[in-house]
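Source file: data-v9.pdb (PDB, C-alpha atoms)
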```
ATOM      1  CA  MET A  99     -19.992  31.526   4.552
ATOM      2  CA  SER A 100     -22.561  34.310   4.711
ATOM      3  CA  GLY A 101     -21.438  37.727   3.579
ATOM      4  CA  GLU A 102     -18.475  36.342   1.656
ATOM      5  CA  PRO A 103     -18.778  36.696  -2.121
ATOM      6  CA  VAL A 104     -18.807  33.433  -4.058
ATOM      7  CA  VAL A 105     -15.626  32.888  -6.058
ATOM      8  CA  TYR A 106     -15.996  31.049  -9.337
ATOM      9  CA  PHE A 107     -13.431  29.259 -11.472
ATOM     10  CA  GLU A 108     -13.358  32.285 -13.801
ATOM     11  CA  ASP A 109     -12.388  34.622 -10.915
ATOM     12  CA  ILE A 110      -9.179  32.782 -10.087
ATOM     13  CA  GLN A 111      -6.176  33.963 -12.082
ATOM     14  CA  LEU A 112      -3.312  31.746 -13.165
ATOM     15  CA  GLY A 113      -0.222  32.778 -11.185
ATOM     16  CA  GLU A 114      -2.233  34.269  -8.307
ATOM     17  CA  GLN A 115      -0.273  33.987  -5.049
ATOM     18  CA  TYR A 116      -1.301  33.590  -1.439
ATOM     19  CA  THR A 117       0.676  33.764   1.801
ATOM     20  CA  SER A 118      -0.924  32.439   4.969
ATOM     21  CA  PRO A 119      -0.485  33.666   8.524
ATOM     22  CA  GLY A 120       1.996  31.739  10.652
ATOM     23  CA  ARG A 121       1.184  29.180  13.298
ATOM     24  CA  THR A 122       3.380  27.768  16.038
ATOM     25  CA  VAL A 123       3.051  23.995  16.227
ATOM     26  CA  THR A 124       2.766  22.923  19.858
ATOM     27  CA  GLU A 125       3.082  19.723  21.868
ATOM     28  CA  ALA A 126      -0.707  19.861  22.320
ATOM     29  CA  ASP A 127      -1.158  19.729  18.540
ATOM     30  CA  LEU A 128       0.903  16.507  18.385
ATOM     31  CA  VAL A 129      -0.987  14.927  21.298
ATOM     32  CA  ILE A 130      -4.407  15.778  19.861
ATOM     33  CA  PHE A 131      -3.452  14.552  16.404
ATOM     34  CA  ALA A 132      -2.069  11.277  17.822
ATOM     35  CA  GLY A 133      -5.312  10.766  19.735
ATOM     36  CA  LEU A 134      -7.492  11.628  16.769
ATOM     37  CA  SER A 135      -5.650   9.606  14.136
ATOM     38  CA  GLY A 136      -4.483   6.746  16.361
ATOM     39  CA  ASP A 137      -0.960   7.207  15.025
ATOM     40  CA  TYR A 138       1.119   6.859  18.203
ATOM     41  CA  ASN A 139       4.401   6.163  16.389
ATOM     42  CA  VAL A 140       7.383   6.841  18.681
ATOM     43  CA  LEU A 141       8.476   9.579  16.240
ATOM     44  CA  HIS A 142       5.640  11.719  17.614
ATOM     45  CA  THR A 143       5.066  10.408  21.141
ATOM     46  CA  ASP A 144       8.271   9.136  22.831
ATOM     47  CA  ALA A 145      10.533  12.046  23.816
ATOM     48  CA  GLU A 146      13.176   9.784  25.341
ATOM     49  CA  HIS A 147      13.426   7.465  22.330
ATOM     50  CA  MET A 148      13.655  10.439  19.989
ATOM     51  CA  LYS A 149      16.628  11.979  21.865
ATOM     52  CA  ALA A 150      18.770   9.259  20.298
ATOM     53  CA  SER A 151      17.232   9.619  16.834
ATOM     54  CA  LEU A 152      18.269  11.515  13.757
ATOM     55  CA  PHE A 153      15.873  14.331  14.760
ATOM     56  CA  GLY A 154      16.911  14.583  18.438
ATOM     57  CA  GLU A 155      13.340  15.145  19.617
ATOM     58  CA  ARG A 156       9.710  14.369  18.779
ATOM     59  CA  ILE A 157       8.548  15.581  15.382
ATOM     60  CA  ALA A 158       5.054  16.419  14.179
ATOM     61  CA  HIS A 159       3.204  13.824  12.119
ATOM     62  CA  GLY A 160       3.701  14.685   8.453
ATOM     63  CA  LEU A 161      -0.071  14.577   8.007
ATOM     64  CA  LEU A 162      -0.509  16.979  10.944
ATOM     65  CA  GLY A 163       1.657  19.477   9.054
ATOM     66  CA  LEU A 164      -0.420  18.848   5.931
ATOM     67  CA  SER A 165      -3.659  19.370   7.873
ATOM     68  CA  ILE A 166      -2.445  22.552   9.591
ATOM     69  CA  GLN A 167      -1.276  24.096   6.331
ATOM     70  CA  GLN A 168      -4.674  23.336   4.780
ATOM     71  CA  GLY A 169      -6.346  25.317   7.567
ATOM     72  CA  LEU A 170      -3.804  28.152   7.290
ATOM     73  CA  LEU A 171      -4.243  28.551   3.553
ATOM     74  CA  ASP A 172      -8.043  28.413   3.846
ATOM     75  CA  ARG A 173      -7.779  31.666   5.820
ATOM     76  CA  VAL A 174      -6.318  33.618   2.893
ATOM     77  CA  VAL A 175      -7.717  31.986  -0.229
ATOM     78  CA  PRO A 176     -10.877  33.829  -1.197
ATOM     79  CA  GLY A 177     -14.304  32.200  -1.009
ATOM     80  CA  GLN A 178     -14.566  28.596  -2.059
ATOM     81  CA  ALA A 179     -11.427  28.689  -4.200
ATOM     82  CA  VAL A 180     -10.015  25.835  -2.160
ATOM     83  CA  GLY A 181     -13.065  23.712  -2.867
ATOM     84  CA  PRO A 182     -13.182  19.955  -2.459
ATOM     85  CA  LEU A 183      -9.794  18.354  -2.828
ATOM     86  CA  ALA A 184      -9.442  16.210  -5.919
ATOM     87  CA  ALA A 185      -5.810  15.183  -5.585
ATOM     88  CA  VAL A 186      -2.599  15.857  -3.641
ATOM     89  CA  LYS A 187       1.055  15.236  -4.518
ATOM     90  CA  TRP A 188       3.175  15.926  -1.475
ATOM     91  CA  LYS A 189       6.775  15.724  -0.222
ATOM     92  CA  PHE A 190       7.874  15.845   3.402
ATOM     93  CA  LYS A 191      11.268  17.510   3.121
ATOM     94  CA  GLY A 192      12.178  18.184   6.716
ATOM     95  CA  PRO A 193      10.836  17.772  10.245
ATOM     96  CA  ILE A 194       8.390  20.111  11.972
ATOM     97  CA  LYS A 195       9.430  20.201  15.622
ATOM     98  CA  ILE A 196       7.490  21.355  18.671
ATOM     99  CA  GLY A 197       7.766  25.155  18.816
ATOM    100  CA  ASP A 198       8.376  25.625  15.090
ATOM    101  CA  THR A 199       6.291  28.311  13.394
ATOM    102  CA  ILE A 200       5.095  27.476   9.905
ATOM    103  CA  HIS A 201       3.292  29.357   7.197
ATOM    104  CA  VAL A 202       2.201  28.489   3.657
ATOM    105  CA  GLU A 203       3.142  30.098   0.361
ATOM    106  CA  ALA A 204       0.919  29.080  -2.543
ATOM    107  CA  ARG A 205       0.454  29.879  -6.207
ATOM    108  CA  VAL A 206      -2.181  28.959  -8.772
ATOM    109  CA  SER A 207      -0.053  26.900 -11.158
ATOM    110  CA  ALA A 208      -2.727  25.491 -13.500
ATOM    111  CA  LYS A 209      -6.363  25.859 -14.531
ATOM    112  CA  LYS A 210      -8.027  23.023 -16.446
ATOM    113  CA  ASP A 211     -11.455  21.773 -17.450
ATOM    114  CA  GLY A 212     -13.009  19.348 -14.985
ATOM    115  CA  GLU A 213     -14.717  16.080 -15.861
ATOM    116  CA  GLN A 214     -18.072  17.804 -15.550
ATOM    117  CA  PRO A 215     -18.849  20.899 -17.659
ATOM    118  CA  ARG A 216     -19.943  23.038 -14.690
ATOM    119  CA  VAL A 217     -16.719  22.515 -12.747
ATOM    120  CA  GLY A 218     -13.119  23.514 -13.367
ATOM    121  CA  LEU A 219      -9.922  22.190 -11.836
ATOM    122  CA  ILE A 220      -7.307  24.464 -10.310
ATOM    123  CA  THR A 221      -3.870  23.392  -9.143
ATOM    124  CA  LEU A 222      -2.181  25.143  -6.226
ATOM    125  CA  GLU A 223       1.559  24.767  -5.712
ATOM    126  CA  ARG A 224       2.213  24.998  -1.996
ATOM    127  CA  ARG A 225       5.289  25.341   0.169
ATOM    128  CA  VAL A 226       5.228  25.042   3.947
ATOM    129  CA  VAL A 227       8.017  27.214   5.334
ATOM    130  CA  ASN A 228       9.371  27.343   8.887
ATOM    131  CA  GLN A 229      10.727  30.293  10.899
ATOM    132  CA  ARG A 230      14.206  29.807   9.417
ATOM    133  CA  GLY A 231      12.888  29.993   5.852
ATOM    134  CA  GLU A 232      13.348  26.254   5.295
ATOM    135  CA  VAL A 233      10.769  24.471   3.143
ATOM    136  CA  VAL A 234       9.603  21.580   5.332
ATOM    137  CA  GLN A 235       6.801  20.322   3.087
ATOM    138  CA  GLU A 236       5.826  21.065  -0.481
ATOM    139  CA  GLY A 237       3.479  19.835  -3.119
ATOM    140  CA  GLU A 238       0.499  20.394  -5.347
ATOM    141  CA  THR A 239      -3.190  20.197  -4.606
ATOM    142  CA  ASP A 240      -5.964  19.958  -7.203
ATOM    143  CA  HIS A 241      -9.337  21.495  -6.370
ATOM    144  CA  LEU A 242     -12.735  21.394  -8.017
ATOM    145  CA  VAL A 243     -14.188  24.871  -8.402
ATOM    146  CA  GLY A 244     -17.645  25.686  -9.775
ATOM    147  CA  ARG A 245     -17.896  27.749 -12.964
ATOM    148  CA  ARG A 246     -19.894  30.977 -13.066
ATOM    149  CA  PRO A 247     -23.491  30.122 -14.014
ATOM    150  CA  ALA A 248     -24.278  31.206 -17.576
TER     151      ALA A 248
ATOM    152  CA  MET B  49      18.260  -0.113  22.706
ATOM    153  CA  ALA B  50      19.985  -1.801  25.593
ATOM    154  CA  GLY B  51      17.630  -2.659  28.399
ATOM    155  CA  ALA B  52      14.502  -1.934  26.392
ATOM    156  CA  PRO B  53      11.919  -4.709  26.571
ATOM    157  CA  ALA B  54      11.996  -7.005  23.565
ATOM    158  CA  GLU B  55       9.291  -5.905  21.164
ATOM    159  CA  ARG B  56       8.718  -7.612  17.861
ATOM    160  CA  ARG B  57       9.101  -5.152  15.032
ATOM    161  CA  LEU B  58       9.254  -5.323  11.300
ATOM    162  CA  TYR B  59      12.312  -3.956   9.526
ATOM    163  CA  PHE B  60      12.957  -3.221   5.864
ATOM    164  CA  GLU B  61      14.206  -6.785   5.316
ATOM    165  CA  ASP B  62      10.907  -8.187   6.631
ATOM    166  CA  VAL B  63       8.604  -6.184   4.357
ATOM    167  CA  GLN B  64       6.791  -8.434   1.880
ATOM    168  CA  THR B  65       5.658  -7.047  -1.434
ATOM    169  CA  ASN B  66       2.248  -7.643  -3.001
ATOM    170  CA  VAL B  67       0.580  -8.873   0.209
ATOM    171  CA  PRO B  68      -2.547  -6.783   0.939
ATOM    172  CA  LEU B  69      -3.126  -5.898   4.593
ATOM    173  CA  GLU B  70      -6.572  -4.789   5.715
ATOM    174  CA  THR B  71      -7.223  -2.708   8.829
ATOM    175  CA  PRO B  72     -10.221  -2.826  11.159
ATOM    176  CA  GLY B  73     -12.984  -0.333  10.459
ATOM    177  CA  MET B  74     -13.542   3.061  12.060
ATOM    178  CA  THR B  75     -16.866   4.872  12.122
ATOM    179  CA  LEU B  76     -16.365   8.579  11.486
ATOM    180  CA  THR B  77     -18.420  10.808  13.759
ATOM    181  CA  GLU B  78     -19.327  14.444  14.252
ATOM    182  CA  THR B  79     -16.679  14.396  17.004
ATOM    183  CA  HIS B  80     -13.933  13.551  14.507
ATOM    184  CA  ALA B  81     -14.991  16.479  12.344
ATOM    185  CA  THR B  82     -15.173  18.835  15.352
ATOM    186  CA  LEU B  83     -11.793  17.809  16.789
ATOM    187  CA  PHE B  84     -10.132  18.005  13.388
ATOM    188  CA  GLY B  85     -11.811  21.330  12.701
ATOM    189  CA  SER B  86     -10.593  22.860  15.954
ATOM    190  CA  LEU B  87      -7.071  21.467  15.522
ATOM    191  CA  THR B  88      -6.613  22.675  11.956
ATOM    192  CA  LEU B  89      -9.142  25.544  11.742
ATOM    193  CA  THR B  90     -10.808  23.742   8.851
ATOM    194  CA  PRO B  91     -14.538  24.418   8.930
ATOM    195  CA  SER B  92     -16.907  21.709   7.716
ATOM    196  CA  GLU B  93     -20.610  21.641   7.033
ATOM    197  CA  PRO B  94     -22.749  19.631   9.466
ATOM    198  CA  GLY B  95     -22.704  15.986   8.484
ATOM    199  CA  ALA B  96     -19.618  16.316   6.285
ATOM    200  CA  ILE B  97     -16.235  14.786   7.053
ATOM    201  CA  PRO B  98     -13.283  17.008   5.987
ATOM    202  CA  ASP B  99     -11.396  15.529   3.028
ATOM    203  CA  LEU B 100      -8.153  14.992   4.947
ATOM    204  CA  ILE B 101      -9.687  12.988   7.833
ATOM    205  CA  PRO B 102      -9.884   9.575   6.099
ATOM    206  CA  LEU B 103      -6.243   9.899   4.996
ATOM    207  CA  CYS B 104      -5.165  10.885   8.530
ATOM    208  CA  MET B 105      -7.210   8.085  10.125
ATOM    209  CA  SER B 106      -5.659   5.518   7.781
ATOM    210  CA  SER B 107      -2.235   6.260   9.281
ATOM    211  CA  GLY B 108      -3.490   5.186  12.717
ATOM    212  CA  LEU B 109      -5.529   2.263  11.381
ATOM    213  CA  GLY B 110      -2.382   1.067   9.623
ATOM    214  CA  TRP B 111      -0.841   0.152  12.998
ATOM    215  CA  ARG B 112      -3.712  -2.238  13.708
ATOM    216  CA  VAL B 113      -3.058  -4.860  11.034
ATOM    217  CA  PRO B 114      -2.194  -8.428  12.080
ATOM    218  CA  GLN B 115       1.566  -7.958  11.991
ATOM    219  CA  PRO B 116       4.201  -6.287  14.209
ATOM    220  CA  PRO B 117       4.733  -2.549  13.694
ATOM    221  CA  LEU B 118       7.060  -1.413  10.939
ATOM    222  CA  VAL B 119      10.022   0.712  12.070
ATOM    223  CA  VAL B 120       9.279   3.837  10.034
ATOM    224  CA  LEU B 121      12.071   6.441  10.156
ATOM    225  CA  ALA B 122      10.290   9.049   8.075
ATOM    226  CA  PHE B 123       7.276   9.589   5.837
ATOM    227  CA  MET B 124       8.810  10.929   2.621
ATOM    228  CA  GLY B 125       5.805  11.758   0.490
ATOM    229  CA  PHE B 126       2.609  10.598  -1.134
ATOM    230  CA  GLU B 127       0.240  10.992  -4.066
ATOM    231  CA  TRP B 128      -3.432  10.832  -3.241
ATOM    232  CA  ARG B 129      -6.814  11.047  -4.923
ATOM    233  CA  PHE B 130     -10.085  12.002  -3.286
ATOM    234  CA  LEU B 131     -12.743  10.035  -5.162
ATOM    235  CA  LYS B 132     -15.919  10.236  -3.076
ATOM    236  CA  PRO B 133     -17.007  12.388  -0.139
ATOM    237  CA  THR B 134     -17.253  10.816   3.312
ATOM    238  CA  ARG B 135     -20.179  11.610   5.638
ATOM    239  CA  VAL B 136     -20.665  11.385   9.391
ATOM    240  CA  GLY B 137     -21.696   7.786  10.139
ATOM    241  CA  ASP B 138     -19.633   6.217   7.369
ATOM    242  CA  THR B 139     -17.284   3.431   8.433
ATOM    243  CA  ILE B 140     -13.934   3.402   6.702
ATOM    244  CA  ARG B 141     -11.130   0.866   6.578
ATOM    245  CA  SER B 142      -7.889   0.814   4.690
ATOM    246  CA  VAL B 143      -6.151  -1.793   2.532
ATOM    247  CA  SER B 144      -2.417  -1.424   1.902
ATOM    248  CA  THR B 145      -0.010  -3.300  -0.307
ATOM    249  CA  THR B 146       3.734  -2.767  -0.590
ATOM    250  CA  VAL B 147       4.395  -2.558  -4.309
ATOM    251  CA  ALA B 148       8.127  -1.803  -4.302
ATOM    252  CA  LYS B 149      11.097  -1.618  -1.952
ATOM    253  CA  ARG B 150      14.546  -0.183  -2.546
ATOM    254  CA  SER B 151      17.541  -0.551  -0.264
ATOM    255  CA  MET B 152      19.459   2.622   0.610
ATOM    256  CA  LYS B 153      22.564   3.241   2.689
ATOM    257  CA  GLU B 154      20.494   4.360   5.678
ATOM    258  CA  GLY B 155      17.415   2.177   5.724
ATOM    259  CA  GLY B 156      15.240   1.394   2.763
ATOM    260  CA  VAL B 157      12.454   2.996   0.803
ATOM    261  CA  VAL B 158       9.087   1.260   0.783
ATOM    262  CA  ILE B 159       6.332   2.224  -1.658
ATOM    263  CA  GLU B 160       2.859   1.378  -0.470
ATOM    264  CA  GLU B 161      -0.437   1.517  -2.360
ATOM    265  CA  ARG B 162      -3.364   2.291  -0.079
ATOM    266  CA  SER B 163      -7.097   2.409  -0.644
ATOM    267  CA  ILE B 164      -9.679   3.633   1.824
ATOM    268  CA  LEU B 165     -13.033   1.904   1.513
ATOM    269  CA  ASN B 166     -16.388   2.662   3.077
ATOM    270  CA  GLN B 167     -19.074   0.300   4.424
ATOM    271  CA  ARG B 168     -20.408  -0.169   0.880
ATOM    272  CA  ASP B 169     -16.922  -1.283  -0.277
ATOM    273  CA  GLU B 170     -16.599   1.864  -2.404
ATOM    274  CA  VAL B 171     -13.067   3.243  -2.692
ATOM    275  CA  VAL B 172     -13.372   6.786  -1.319
ATOM    276  CA  GLN B 173      -9.681   7.740  -1.468
ATOM    277  CA  ASN B 174      -6.557   6.033  -2.730
ATOM    278  CA  GLY B 175      -2.947   6.640  -3.534
ATOM    279  CA  ARG B 176       0.678   5.760  -3.074
ATOM    280  CA  LEU B 177       2.898   6.519  -0.063
ATOM    281  CA  THR B 178       6.697   6.550   0.200
ATOM    282  CA  LEU B 179       8.207   5.593   3.553
ATOM    283  CA  LEU B 180      11.785   5.380   4.823
ATOM    284  CA  VAL B 181      12.072   2.227   6.923
ATOM    285  CA  ALA B 182      14.912   1.103   9.222
ATOM    286  CA  LYS B 183      17.071  -1.881   8.379
ATOM    287  CA  ARG B 184      17.472  -4.621  10.947
ATOM    288  CA  PRO B 185      20.250  -3.624  13.339
ATOM    289  CA  SER B 186      23.289  -5.890  12.992
ATOM    290  CA  SER B 187      24.221  -8.077  16.014
TER     291      SER B 187
END
```
Once you've parsed the file, please lay out its structure as structure tokens.
Amino acid sequence: MSGEPVVYFEDIQLGEQYTSPGRTVTEADLVIFAGLSGDYNVLHTDAEHMKASLFGERIAHGLLGLSIQQGLLDRVVPGQAVGPLAAVKWKFKGPIKIGDTIHVEARVSAKKDGEQPRVGLITLERRVVNQRGEVVQEGETDHLVGRRPA
Amino acid sequence: MAGAPAERRLYFEDVQTNVPLETPGMTLTETHATLFGSLTLTPSEPGAIPDLIPLCMSSGLGWRVPQPPLVVLAFMGFEWRFLKPTRVGDTIRSVSTTVAKRSMKEGGVVIEERSILNQRDEVVQNGRLTLLVAKRPSS
């Protein structure tokens, strides 16, 4: 990104917190994600079937929620701090329904040496929260971040 | 469901452990990156495939194995590792194996190990997924 200062491993503080903007998940999001991924499970695509289900209506693909939160958090984490993903541990705790508005709350929970000397590993704890304050997804992501050149 | 056409489906009782299932391949294109980027607001460099795309594609590919669809009630969670980058033009496929199943009151929990491979048979991503699967309806 031109004009944006490069953020190195050393610039990221343990305990740093980020809150993303919100985003309303729409029917169009579900349809596009189904088409893109090929996951047409009735959970996400059959409104009539889902009326009789535990959820009462179609729900977003869990991985759509994961993908949207990644984009939301990218908007508030400085520079390349959310560099290439190394690992994810994730729990889907509740449904995201059409019309729900979600945002992400994240915190730098660990900083470690990477396998290569020029790269460090940061862990972000993330919670995806809906408009009622319910945590619908949560987990940890590990990212590789370059160290400041000597 | 009464009146619904008979469709063969796999329930918790039908899930076999330790049988690997391989999906067809899917060539990842600039279009995948563009569509994913506009849906999620994740920018990517030209020629690069965003990290989450292979994982997301494997969920759709998983329906195209030579067996009836599994009645999944919910995706509960997963642990995943991103081992190698994927580029535009790479062809991925996924291999899944159920490694454990546990019966619950409402349905059963199935633990699946999944690897995503590229056209050079390199594992680009892998991990473990936890699914809640329906039990066969009585009657």
With chain B as the partner and 8 Å as the cut-off, tabulate the residues of chain A that qualify, each row holding the nearest pair of atoms and their distance in Å to one decimal, using all atoms listed in the file, sorted by chain and rising number, as a Markdown table.
```
| residue | atom | partner | partner_atom | distance |
| --- | --- | --- | --- | --- |
| A:Asp127 | CA | B:Leu87 | CA | 6.9 |
| A:Ile130 | CA | B:Leu87 | CA | 7.6 |
| A:Phe131 | CA | B:Leu87 | CA | 7.9 |
| A:Leu134 | CA | B:His80 | CA | 7.1 |
| A:Ser135 | CA | B:Met105 | CA | 4.6 |
| A:Gly136 | CA | B:Gly108 | CA | 4.1 |
| A:Asp137 | CA | B:Gly108 | CA | 4.0 |
| A:Tyr138 | CA | B:Gly108 | CA | 7.4 |
| A:Leu141 | CA | B:Leu121 | CA | 7.7 |
| A:Gly160 | CA | B:Phe123 | CA | 6.8 |
| A:Leu161 | CA | B:Cys104 | CA | 6.3 |
| A:Ser165 | CA | B:Thr88 | CA | 6.0 |
| A:Ile166 | CA | B:Thr88 | CA | 4.8 |
| A:Gln167 | CA | B:Thr88 | CA | 7.9 |
| A:Gln168 | CA | B:Thr90 | CA | 7.4 |
| A:Gly169 | CA | B:Thr90 | CA | 4.9 |
| A:Leu170 | CA | B:Leu89 | CA | 7.4 |
| A:Asp172 | CA | B:Thr90 | CA | 7.4 |
| A:Pro182 | CA | B:Asp99 | CA | 7.3 |
| A:Leu183 | CA | B:Phe130 | CA | 6.4 |
| A:Ala184 | CA | B:Phe130 | CA | 5.0 |
| A:Ala185 | CA | B:Arg129 | CA | 4.3 |
| A:Val186 | CA | B:Trp128 | CA | 5.1 |
| A:Lys187 | CA | B:Glu127 | CA | 4.3 |
| A:Trp188 | CA | B:Gly125 | CA | 5.3 |
| A:Lys189 | CA | B:Gly125 | CA | 4.1 |
| A:Phe190 | CA | B:Met124 | CA | 5.1 |
| A:Lys191 | CA | B:Met124 | CA | 7.0 |
```
**OP:** Can you pull out every residue within 7 Å of Ile164 in chain B, counting all atoms listed in the file, but drop anything in the same chain fewer than 5 positions away, and send it as a ChimeraX atom specification?
**Re:** /B:140-143,171-174
Could those selected residues go to a file with C-alpha atoms, as an mmCIF file, keeping the file's coordinate frame?
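See result-v4.cif below for the written result:
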```cif
data_model
loop_
_atom_site.group_PDB
_atom_site.id
_atom_site.type_symbol
_atom_site.label_atom_id
_atom_site.label_comp_id
_atom_site.auth_asym_id
_atom_site.auth_seq_id
_atom_site.Cartn_x
_atom_site.Cartn_y
_atom_site.Cartn_z
ATOM 1 C CA ILE B 140 -13.934 3.402 6.702
ATOM 2 C CA ARG B 141 -11.130 0.866 6.578
ATOM 3 C CA SER B 142 -7.889 0.814 4.690
ATOM 4 C CA VAL B 143 -6.151 -1.793 2.532
ATOM 5 C CA VAL B 171 -13.067 3.243 -2.692
ATOM 6 C CA VAL B 172 -13.372 6.786 -1.319
ATOM 7 C CA GLN B 173 -9.681 7.740 -1.468
ATOM 8 C CA ASN B 174 -6.557 6.033 -2.730
#
```
Original post:
Quick one: distance from CA of Gln235 in chain A to CA of His201 in chain A in Å, one decimal?
Top reply: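 We find that CA of Gln235 in chain A and CA of His201 in chain A lie 10.5 Å from each other.
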**OP:** Place a sphere of radius 10 Å on (21.0, 3.0, 6.1) in the file coordinates and name every protein, DNA or RNA residue with an atom inside or on its surface, counting only C-alpha atoms; give the answer as a list of chain:residue names.
**Re:**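 In the file's frame, the residues around the point are B:Ser151, B:Met152, B:Lys153, B:Glu154, B:Gly155, B:Gly156, B:Leu180, B:Val181, B:Ala182, B:Lys183, B:Arg184, B:Pro185.
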**OP:** State, in Å with one decimal place, the distance from CA of Pro116 in chain B to CA of Glu160 in chain B.
**Re:**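 CA of Glu160 in chain B lies 16.6 Å from CA of Pro116 in chain B.
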**OP:** Can you work out which one of B:Val113, B:Met74, B:Val63, B:Val136 has the shortest atom-to-atom distance to Arg150 in chain B, counting only C-alpha atoms?
**Re:** B:Val63
Subject >> Atomic separation - CA of Asn139 in chain A relative to CA of Pro68 in chain B, Å >> reply: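 Distance reported for this atom pair: 21.3 Å.
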Original post:
Written as a count of residues only, what is the full residue list that the PyMOL selection byres ((chain A and resi 230) around 10) yields on the file shown?
Top reply: 9
Subject >> Selected residue, from A:Val243, A:Ala204, A:Leu152, A:Ile194, that lies nearest to Arg121 in chain A when counting only C-alpha atoms >> reply: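 Once distances to Arg121 in chain A are computed over only C-alpha atoms, the minimum belongs to A:Ile194.
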Taking 6 positions as the minimum chain separation for residues in the same chain, which residues sit within 7 Å of Tyr116 in chain A when counting all atoms listed in the file? Answer as a JSON list (two decimals) with C-alpha atoms, keeping the file's coordinate frame.
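Heads up, here's the output in part28.json:
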```
[["chain", "number", "residue", "atom", "x", "y", "z"],
["A", 174, "VAL", "CA", -6.32, 33.62, 2.89],
["A", 175, "VAL", "CA", -7.72, 31.99, -0.23],
["A", 203, "GLU", "CA", 3.14, 30.10, 0.36],
["A", 204, "ALA", "CA", 0.92, 29.08, -2.54],
["A", 205, "ARG", "CA", 0.45, 29.88, -6.21]]
```
Subject >> Counting only C-alpha atoms, the residue of B:Thr139, B:Ser163, B:Ser186, B:Ser144 that sits nearest Gly73 in chain B >> reply: B:Thr139
